[in-house]
file model.cif (mmCIF, C-alpha atoms)
data_target
loop_
_atom_site.label_atom_id
_atom_site.label_comp_id
_atom_site.auth_asym_id
_atom_site.auth_seq_id
_atom_site.Cartn_x
_atom_site.Cartn_y
_atom_site.Cartn_z
CA MET A 1 111.58 96.78 125.78
CA TRP A 2 111.49 100.59 125.48
CA TRP A 3 111.28 100.95 129.26
CA LEU A 4 114.17 98.51 129.67
CA LEU A 5 116.33 100.61 127.34
CA ALA A 6 115.36 103.79 129.17
CA ALA A 7 116.25 102.19 132.51
CA ALA A 8 119.61 101.03 131.16
CA TRP A 9 120.33 104.57 129.99
CA CYS A 10 119.50 106.00 133.42
CA MET A 11 121.79 103.46 135.12
CA LEU A 12 124.70 104.64 132.99
CA LEU A 13 124.14 108.35 133.65
CA PRO A 14 125.81 108.48 137.10
CA GLY A 15 129.03 107.03 135.74
CA SER A 16 131.67 108.52 133.51
CA ILE A 17 130.06 109.36 130.18
CA HIS A 18 132.91 111.05 128.31
CA SER A 19 134.40 107.91 126.79
CA TYR A 20 130.93 106.47 126.40
CA LYS A 21 129.77 109.42 124.28
CA GLN A 22 132.70 108.93 121.93
CA GLY A 23 130.90 105.87 120.62
CA SER A 24 127.70 107.76 119.88
CA ILE A 25 126.66 109.18 116.52
CA THR A 26 123.12 110.29 115.73
CA ASN A 27 122.29 110.20 112.04
CA PRO A 28 120.51 113.39 110.93
CA GLU A 29 117.75 111.45 109.15
CA ALA A 30 116.49 110.29 112.56
CA TYR A 31 114.97 113.76 112.99
CA MET A 32 113.69 114.24 109.43
CA ASN A 33 110.37 113.81 107.65
CA ILE A 34 110.04 112.04 104.29
CA SER A 35 110.67 115.14 102.17
CA GLN A 36 113.75 116.06 104.15
CA ILE A 37 115.22 112.56 103.89
CA ILE A 38 114.75 112.54 100.11
CA SER A 39 116.41 115.95 99.79
CA TYR A 40 119.20 115.00 102.19
CA TRP A 41 120.31 112.29 99.79
CA GLY A 42 120.29 114.67 96.84
CA TYR A 43 117.06 113.62 95.13
CA PRO A 44 114.30 115.90 93.88
CA TYR A 45 110.86 115.38 95.38
CA GLU A 46 107.25 116.40 94.95
CA LYS A 47 104.52 116.04 97.57
CA TYR A 48 100.84 115.48 96.81
CA ASP A 49 97.76 115.16 98.98
CA VAL A 50 95.51 112.37 97.71
CA VAL A 51 91.87 112.64 98.77
CA THR A 52 90.06 109.31 98.94
CA GLU A 53 86.41 108.77 98.07
CA ASP A 54 85.56 108.67 101.79
CA GLY A 55 87.46 111.85 102.64
CA TYR A 56 90.86 110.72 103.96
CA ILE A 57 93.84 112.82 102.88
CA LEU A 58 96.94 110.74 102.14
CA GLY A 59 100.46 112.15 101.89
CA THR A 60 102.07 110.86 98.69
CA TYR A 61 105.67 111.55 97.71
CA ARG A 62 107.34 111.48 94.31
CA ILE A 63 111.00 111.19 93.28
CA PRO A 64 110.59 112.03 89.58
CA TYR A 65 114.17 111.32 88.50
CA GLY A 66 117.68 110.78 89.80
CA LYS A 67 120.35 113.04 91.24
CA GLY A 68 121.82 116.00 89.41
CA CYS A 69 118.69 116.67 87.34
CA SER A 70 119.49 113.70 85.13
CA ARG A 71 116.63 111.46 84.12
CA LYS A 72 119.04 108.67 83.21
CA THR A 73 120.62 108.06 86.62
CA ASP A 74 119.40 105.65 89.31
CA SER A 75 117.82 103.30 86.77
CA GLY A 76 115.69 106.18 85.45
CA TYR A 77 112.41 105.37 87.21
CA ASP A 78 109.73 107.76 88.39
CA VAL A 79 109.30 106.60 92.02
CA TRP A 80 106.18 107.26 94.09
CA LEU A 81 105.86 106.56 97.83
CA GLY A 82 102.31 106.02 99.05
CA ASN A 83 100.89 106.04 102.57
CA SER A 84 97.84 104.43 104.13
CA ARG A 85 95.30 106.34 106.20
CA GLY A 86 96.11 106.95 109.84
CA ASN A 87 99.89 106.78 109.70
CA THR A 88 102.19 109.68 110.57
CA TRP A 89 102.14 111.08 107.03
CA SER A 90 98.41 110.61 106.34
CA ARG A 91 96.48 111.75 109.36
CA LYS A 92 94.02 114.26 107.86
CA HIS A 93 90.40 114.10 106.73
CA LEU A 94 88.01 116.46 104.98
CA ARG A 95 85.47 116.26 107.81
CA LEU A 96 86.60 113.96 110.62
CA SER A 97 89.14 114.77 113.33
CA PRO A 98 91.83 112.24 114.31
CA THR A 99 90.67 112.80 117.88
CA SER A 100 87.34 111.11 117.06
CA PRO A 101 86.68 107.34 117.09
CA GLN A 102 84.90 107.72 113.72
CA TYR A 103 88.17 108.70 112.05
CA TRP A 104 89.80 105.46 113.21
CA ALA A 105 86.94 103.15 112.13
CA PHE A 106 88.96 101.54 109.33
CA SER A 107 91.11 98.53 108.59
CA LEU A 108 92.55 96.67 105.60
CA ASP A 109 89.19 96.84 103.82
CA GLU A 110 89.19 100.61 103.48
CA MET A 111 92.88 100.78 102.60
CA ALA A 112 92.26 98.40 99.70
CA LYS A 113 88.92 99.87 98.64
CA TYR A 114 89.78 103.57 98.86
CA ASP A 115 93.46 104.34 99.60
CA LEU A 116 95.18 102.25 96.97
CA PRO A 117 92.86 103.15 94.05
CA ALA A 118 93.05 106.87 94.90
CA THR A 119 96.84 106.77 95.06
CA ILE A 120 97.26 104.76 91.85
CA ASN A 121 94.86 107.01 89.95
CA LEU A 122 96.73 110.13 91.08
CA ILE A 123 100.07 108.66 89.99
CA LEU A 124 98.75 107.77 86.55
CA GLU A 125 97.15 111.18 86.16
CA LYS A 126 100.32 113.10 87.11
CA SER A 127 102.72 110.86 85.20
CA GLY A 128 100.61 110.50 82.07
CA GLN A 129 101.08 106.73 82.11
CA LYS A 130 98.43 104.05 81.59
CA GLN A 131 100.04 101.46 83.86
CA LEU A 132 102.55 101.34 86.70
CA PHE A 133 104.73 98.87 88.58
CA TYR A 134 103.55 98.27 92.14
CA VAL A 135 106.09 97.30 94.83
CA GLY A 136 104.57 96.36 98.17
CA HIS A 137 106.00 95.04 101.43
CA SER A 138 104.06 93.16 104.13
CA GLN A 139 100.73 94.97 104.64
CA GLY A 140 101.39 96.75 101.35
CA THR A 141 101.06 93.35 99.68
CA THR A 142 97.93 92.45 101.65
CA ILE A 143 96.14 95.60 100.52
CA ALA A 144 97.22 94.94 96.94
CA PHE A 145 96.02 91.32 96.92
CA ILE A 146 92.63 92.49 98.17
CA ALA A 147 92.38 95.45 95.79
CA PHE A 148 93.59 93.70 92.64
CA SER A 149 91.35 90.67 93.20
CA THR A 150 88.18 92.68 93.88
CA ASN A 151 88.69 95.63 91.53
CA PRO A 152 89.39 94.37 87.97
CA GLU A 153 89.57 97.91 86.56
CA LEU A 154 92.28 98.82 89.05
CA ALA A 155 94.14 95.58 88.31
CA LYS A 156 94.39 96.55 84.62
CA LYS A 157 96.45 99.56 85.66
CA ILE A 158 99.20 97.38 87.16
CA LYS A 159 101.92 96.13 84.83
CA VAL A 160 103.63 93.93 87.46
CA PHE A 161 102.99 93.48 91.18
CA PHE A 162 106.24 92.96 93.13
CA ALA A 163 105.40 91.41 96.52
CA LEU A 164 108.10 91.51 99.20
CA ALA A 165 107.40 89.42 102.32
CA PRO A 166 103.84 88.84 101.09
CA VAL A 167 101.11 88.49 103.70
CA VAL A 168 97.70 87.06 102.82
CA THR A 169 96.98 84.57 105.58
CA VAL A 170 98.70 84.73 108.96
CA LYS A 171 97.59 81.42 110.41
CA TYR A 172 101.17 80.40 111.19
CA THR A 173 102.65 83.79 112.06
CA ARG A 174 105.09 83.79 114.97
CA SER A 175 105.10 87.53 115.52
CA PRO A 176 104.73 88.69 119.14
CA MET A 177 101.66 90.60 117.96
CA LYS A 178 99.96 87.21 117.78
CA LYS A 179 99.39 87.57 121.52
CA LEU A 180 96.59 90.01 120.69
CA THR A 181 94.56 87.07 119.39
CA ALA A 182 94.25 85.66 122.90
CA LEU A 183 92.31 88.75 123.96
CA SER A 184 88.66 89.45 123.35
CA ARG A 185 87.67 92.44 121.25
CA GLN A 186 86.47 94.16 124.41
CA ALA A 187 89.78 93.50 126.19
CA VAL A 188 91.77 94.96 123.27
CA LYS A 189 89.67 98.12 123.38
CA VAL A 190 90.09 98.40 127.14
CA LEU A 191 93.87 98.16 126.75
CA PHE A 192 94.33 100.25 123.60
CA GLY A 193 91.12 102.24 123.22
CA ASN A 194 89.19 102.53 119.96
CA LYS A 195 91.36 105.02 118.08
CA MET A 196 95.04 104.91 117.20
CA PHE A 197 97.35 101.94 117.76
CA SER A 198 101.13 102.20 118.15
CA SER A 199 101.90 105.79 117.34
CA HIS A 200 105.51 106.96 117.58
CA THR A 201 105.97 108.47 121.05
CA LEU A 202 108.44 111.00 122.43
CA LEU A 203 109.91 108.26 124.62
CA GLU A 204 110.55 106.08 121.59
CA GLN A 205 112.11 109.01 119.74
CA PHE A 206 114.36 109.70 122.72
CA ILE A 207 115.47 106.07 122.96
CA ALA A 208 116.08 105.86 119.20
CA THR A 209 118.19 109.01 119.03
CA LYS A 210 119.81 109.19 122.47
CA VAL A 211 120.17 105.54 123.47
CA CYS A 212 120.25 103.34 120.37
CA ASN A 213 122.83 105.62 118.75
CA HIS A 214 125.40 104.24 121.22
CA LYS A 215 127.30 101.12 120.26
CA ILE A 216 126.89 99.64 123.73
CA PHE A 217 123.13 99.51 123.18
CA HIS A 218 123.22 98.18 119.62
CA PRO A 219 122.67 94.54 120.68
CA MET A 220 119.69 95.41 122.86
CA CYS A 221 118.12 97.77 120.30
CA SER A 222 118.60 95.37 117.41
CA ASN A 223 117.16 92.52 119.48
CA PHE A 224 114.00 94.56 119.90
CA MET A 225 113.67 94.81 116.11
CA PHE A 226 114.55 91.17 115.59
CA SER A 227 111.98 90.02 118.15
CA LEU A 228 109.28 91.54 115.94
CA SER A 229 110.64 90.50 112.55
CA GLY A 230 113.00 87.53 112.86
CA PHE A 231 116.77 87.39 113.37
CA ASP A 232 119.43 88.24 110.78
CA ARG A 233 122.16 90.10 112.68
CA GLN A 234 124.82 90.05 109.96
CA ASN A 235 122.55 91.82 107.48
CA LEU A 236 121.65 94.91 109.53
CA ASN A 237 123.67 98.14 109.44
CA MET A 238 123.91 98.78 113.18
CA SER A 239 125.22 102.31 112.66
CA ARG A 240 121.76 103.33 111.39
CA LEU A 241 119.66 101.81 114.17
CA ASP A 242 118.66 105.27 115.36
CA VAL A 243 117.14 106.06 111.95
CA TYR A 244 115.32 102.75 111.66
CA LEU A 245 113.79 103.04 115.12
CA ALA A 246 113.04 106.76 114.91
CA GLN A 247 111.16 106.31 111.64
CA SER A 248 109.21 103.22 112.68
CA GLN A 249 105.86 102.83 114.44
CA ALA A 250 103.99 105.18 112.09
CA GLY A 251 100.66 104.14 113.60
CA THR A 252 97.40 102.60 112.46
CA SER A 253 93.95 102.00 113.95
CA VAL A 254 93.03 99.62 116.75
CA GLN A 255 90.37 98.31 114.36
CA ASN A 256 93.09 97.38 111.89
CA MET A 257 94.87 95.37 114.58
CA LEU A 258 91.58 93.64 115.40
CA HIS A 259 91.32 92.78 111.71
CA TRP A 260 94.77 91.18 111.83
CA ALA A 261 93.85 89.26 114.99
CA GLN A 262 90.74 88.03 113.18
CA ALA A 263 92.94 86.83 110.30
CA VAL A 264 95.20 84.91 112.67
CA ASN A 265 92.27 83.21 114.39
CA SER A 266 90.39 82.35 111.21
CA GLY A 267 93.36 81.44 109.03
CA ARG A 268 91.63 83.28 106.17
CA LEU A 269 91.78 86.66 104.49
CA GLN A 270 88.32 88.10 104.80
CA ALA A 271 86.68 91.46 105.40
CA PHE A 272 86.53 92.88 108.91
CA ASP A 273 83.89 91.29 111.12
CA TRP A 274 81.98 94.20 112.67
CA GLY A 275 80.89 92.00 115.55
CA ASN A 276 77.19 91.52 114.88
CA ALA A 277 74.98 90.43 112.02
CA ASN A 278 73.27 93.80 111.60
CA GLN A 279 76.55 95.68 111.19
CA ASN A 280 77.87 93.07 108.78
CA MET A 281 74.65 93.25 106.77
CA MET A 282 74.97 97.03 106.57
CA HIS A 283 78.55 96.85 105.31
CA PHE A 284 78.47 93.70 103.17
CA ASN A 285 74.81 92.83 102.54
CA GLN A 286 75.41 89.50 104.22
CA LEU A 287 75.53 88.24 107.80
CA THR A 288 79.21 87.29 107.81
CA PRO A 289 82.17 89.14 106.29
CA PRO A 290 83.08 87.95 102.77
CA VAL A 291 86.28 85.99 102.15
CA TYR A 292 88.66 87.60 99.68
CA ASN A 293 89.34 85.25 96.78
CA ILE A 294 92.81 86.20 95.58
CA THR A 295 92.75 83.50 92.89
CA LYS A 296 90.71 86.03 90.89
CA MET A 297 93.72 88.33 90.64
CA ARG A 298 95.32 88.18 87.18
CA VAL A 299 98.09 90.75 87.64
CA PRO A 300 101.58 89.39 86.79
CA THR A 301 103.16 88.86 90.21
CA ALA A 302 106.74 88.41 91.40
CA MET A 303 107.30 87.38 95.02
CA TRP A 304 110.18 87.21 97.50
CA SER A 305 109.95 85.60 100.94
CA GLY A 306 112.34 85.15 103.86
CA GLY A 307 113.26 81.94 105.62
CA GLN A 308 113.67 83.71 108.99
CA ASP A 309 110.51 85.81 108.68
CA VAL A 310 108.35 85.42 111.79
CA VAL A 311 105.54 87.62 110.41
CA ALA A 312 105.06 86.09 106.97
CA ASP A 313 105.76 82.51 108.00
CA ALA A 314 106.99 80.03 105.40
CA LYS A 315 103.88 77.85 105.89
CA ASP A 316 101.58 80.75 105.04
CA THR A 317 103.71 81.55 102.00
CA LYS A 318 103.53 77.93 100.88
CA ASP A 319 99.73 78.11 101.06
CA LEU A 320 99.76 81.37 99.11
CA LEU A 321 101.90 80.30 96.14
CA PRO A 322 99.37 78.06 94.31
CA LYS A 323 96.68 80.75 94.71
CA VAL A 324 98.60 83.35 92.71
CA ALA A 325 97.22 82.77 89.22
CA ASN A 326 99.86 84.73 87.30
CA LEU A 327 103.04 84.11 89.28
CA ILE A 328 105.97 85.07 87.04
CA TYR A 329 108.78 84.78 89.61
CA TYR A 330 109.36 83.51 93.14
CA LYS A 331 112.45 83.48 95.33
CA GLU A 332 112.89 82.40 98.93
CA ILE A 333 115.90 83.92 100.68
CA PRO A 334 116.79 81.56 103.55
CA HIS A 335 118.48 84.10 105.86
CA TYR A 336 115.96 86.92 105.40
CA ASN A 337 113.71 88.24 108.16
CA HIS A 338 110.65 90.46 107.65
CA LEU A 339 112.64 93.71 107.46
CA ASP A 340 115.56 92.59 105.32
CA PHE A 341 113.68 93.40 102.13
CA TYR A 342 114.29 97.09 102.76
CA LEU A 343 116.87 97.20 105.57
CA GLY A 344 119.07 94.25 104.55
CA GLN A 345 122.55 95.28 103.45
CA ASP A 346 122.44 92.70 100.67
CA ALA A 347 118.95 93.63 99.42
CA PRO A 348 120.35 95.29 96.24
CA TRP A 349 121.76 91.92 95.18
CA GLU A 350 119.22 89.54 96.69
CA VAL A 351 116.11 91.47 95.58
CA TYR A 352 116.48 94.76 93.73
CA GLN A 353 118.66 93.75 90.80
CA ASP A 354 116.17 91.08 89.69
CA LEU A 355 113.24 93.41 90.40
CA ILE A 356 114.69 96.14 88.19
CA LYS A 357 115.58 93.61 85.50
CA MET A 358 111.95 92.49 85.37
CA MET A 359 110.83 96.12 85.21
CA GLU A 360 113.06 96.63 82.19
CA GLU A 361 111.72 93.51 80.50
CA TYR A 362 108.08 94.42 81.06
CA SER A 363 108.64 98.06 80.10
CA GLN A 364 109.41 96.86 76.59
CA ASN A 365 106.16 94.89 76.31
#
call {"tool": "encode", "arguments": {"input": "model.cif", "output": "C-alpha cells"}}
result
Amino acid sequence: MWWLLAAAWCMLLPGSIHSYKQGSITNPEAYMNISQIISYWGYPYEKYDVVTEDGYILGTYRIPYGKGCSRKTDSGYDVWLGNSRGNTWSRKHLRLSPTSPQYWAFSLDEMAKYDLPATINLILEKSGQKQLFYVGHSQGTTIAFIAFSTNPELAKKIKVFFALAPVVTVKYTRSPMKKLTALSRQAVKVLFGNKMFSSHTLLEQFIATKVCNHKIFHPMCSNFMFSLSGFDRQNLNMSRLDVYLAQSQAGTSVQNMLHWAQAVNSGRLQAFDWGNANQNMMHFNQLTPPVYNITKMRVPTAMWSGGQDVVADAKDTKDLLPKVANLIYYKEIPHYNHLDFYLGQDAPWEVYQDLIKMMEEYSQN
C-alpha cells in the first residue's frame, strides 16, 4: 500500500500542482515526539525513564494536571502514558544494543512480567498513591490480562482495569496480519529477520506528511488504515490522517509477532513457545509453554468492544466475557473498528464519559 501511494504521488508530479497543493495541510504534530505533542496542546508534562528488572529502559510520560496550571480542569486526573520495550519511545537497554538479536528476544511474556510492573510501580512511587486506574487498548489489554492474572501483588495495585478492544485470544481475528500464521517460523525470520518488526520508515513518514495530507489521497490512505482495523469511515477525522499515519508503526520484535501467530494458530493465550523442549524447560520448567489462566484475575474490569473490529473479533470477545471474573461493565459499539476507541470522533460520548464516570465512582470507594 505504501508503494502504491508513493507511485500515485509520482504520477501526479508532472501535472499542474498549484491547485492540488491548495488542498494540502500538514498538521504540525505529524513531526513531533510525545513531549512536543503534549506541550503543543497546552498541557504540562514530565518524562521518566523506567528501568525494568531485565535492563530495558522504557520512556514514560506524565500529564500531572490540566491546562493553565489548574488541577481542576480536564476531569482533574494525573495521566501517565506507558510504553512497551522496543517501540520508538523505549528502545534503550542498560547492557544490550538494539542492533543485537539478544535485545529483540522478547514478546508479550516479558512485557507483562517486567514492563508493566516496573511502570506501575514507578507511577505509584511518584504519585504517592496506593492504587491506580489502568486503561489499555488492544495489546495493552493483553499484557494486562497476563500480568494481573499471574501477579496477584500487582493486581492489588489496580483499582479498575478499563479494557478497550480487548485481545486475549485471536482465534477468529480477520486482520491481514493473520497471513503470518501460514508461514513457518523459519520463513518469518527469512522475510523479517530476528530483530525489529515494522519500524516507522522514512518512506512512511514521507507518505504520511507529503501524500496523505492531500484530500485527493484521503480515501486511499484511510483505506490502508481500515484494511488493518475494520471500516468506519464516518467516524474518522480525515484532516488528521497525516498525524495518525506519521505516529503509527512504533515497532516491536519479530519474536512478538511470532507469539501472536502462535496465538492465532492455537486459539489460546499462552507463553511464547521457544521452539524446542530444552528451551521451554529453561524458561518455564516444563516442556510446553504454560497457558495463561485469566479467570484467576480478580481486578474489577470494564470492557468495550467494536462490532466492526477485525483484530479483536466479536467471536473472540464472546469467548472472553465469561472468563472475566469481576466484570463490572461491558459495552459493544456496533459501528466501531479497532482504532475508533482512540481515533473515533464520537469516542468521548461512546466510551470516555462512562469511563470517567466509573473512575469517579471508584475514587470514592
call {"tool": "residues_around", "arguments": {"input": "model.cif", "residues": "region 74-84 of chain A", "least_positions_apart": "5", "cutoff": "6 Å", "atoms": "all atoms listed in the file", "output": "PyMOL selection string"}}
result
chain A and resi 60-66
call {"tool": "residues_around", "arguments": {"input": "model.cif", "residues": "Val324 (chain A)", "least_positions_apart": "3", "cutoff": "10 Å", "atoms": "only C-alpha atoms", "output": "list in words"}}
result
Phe145, Ile294, Thr295, Lys296, Met297, Arg298, Val299, Pro300, Thr301, Ala302, Met303, Asp319, Leu320, Leu321, Leu327 and Ile328 of chain A
call {"tool": "closest_residue", "arguments": {"input": "model.cif", "among": "A:His338, A:Arg240, A:Lys179, A:Lys315", "to": "His137 (chain A)", "atoms": "all atoms listed in the file"}}
result
A:His338
call {"tool": "closest_residue", "arguments": {"input": "model.cif", "among": "A:Lys113, A:Lys210, A:Lys357, A:Lys171", "to": "Ser266 (chain A)", "atoms": "only C-alpha atoms"}}
result
A:Lys171
call {"tool": "atom_distance", "arguments": {"input": "model.cif", "atom1": "CA of Asn33 (chain A)", "atom2": "CA of Pro219 (chain A)"}}
result
26.3 Å
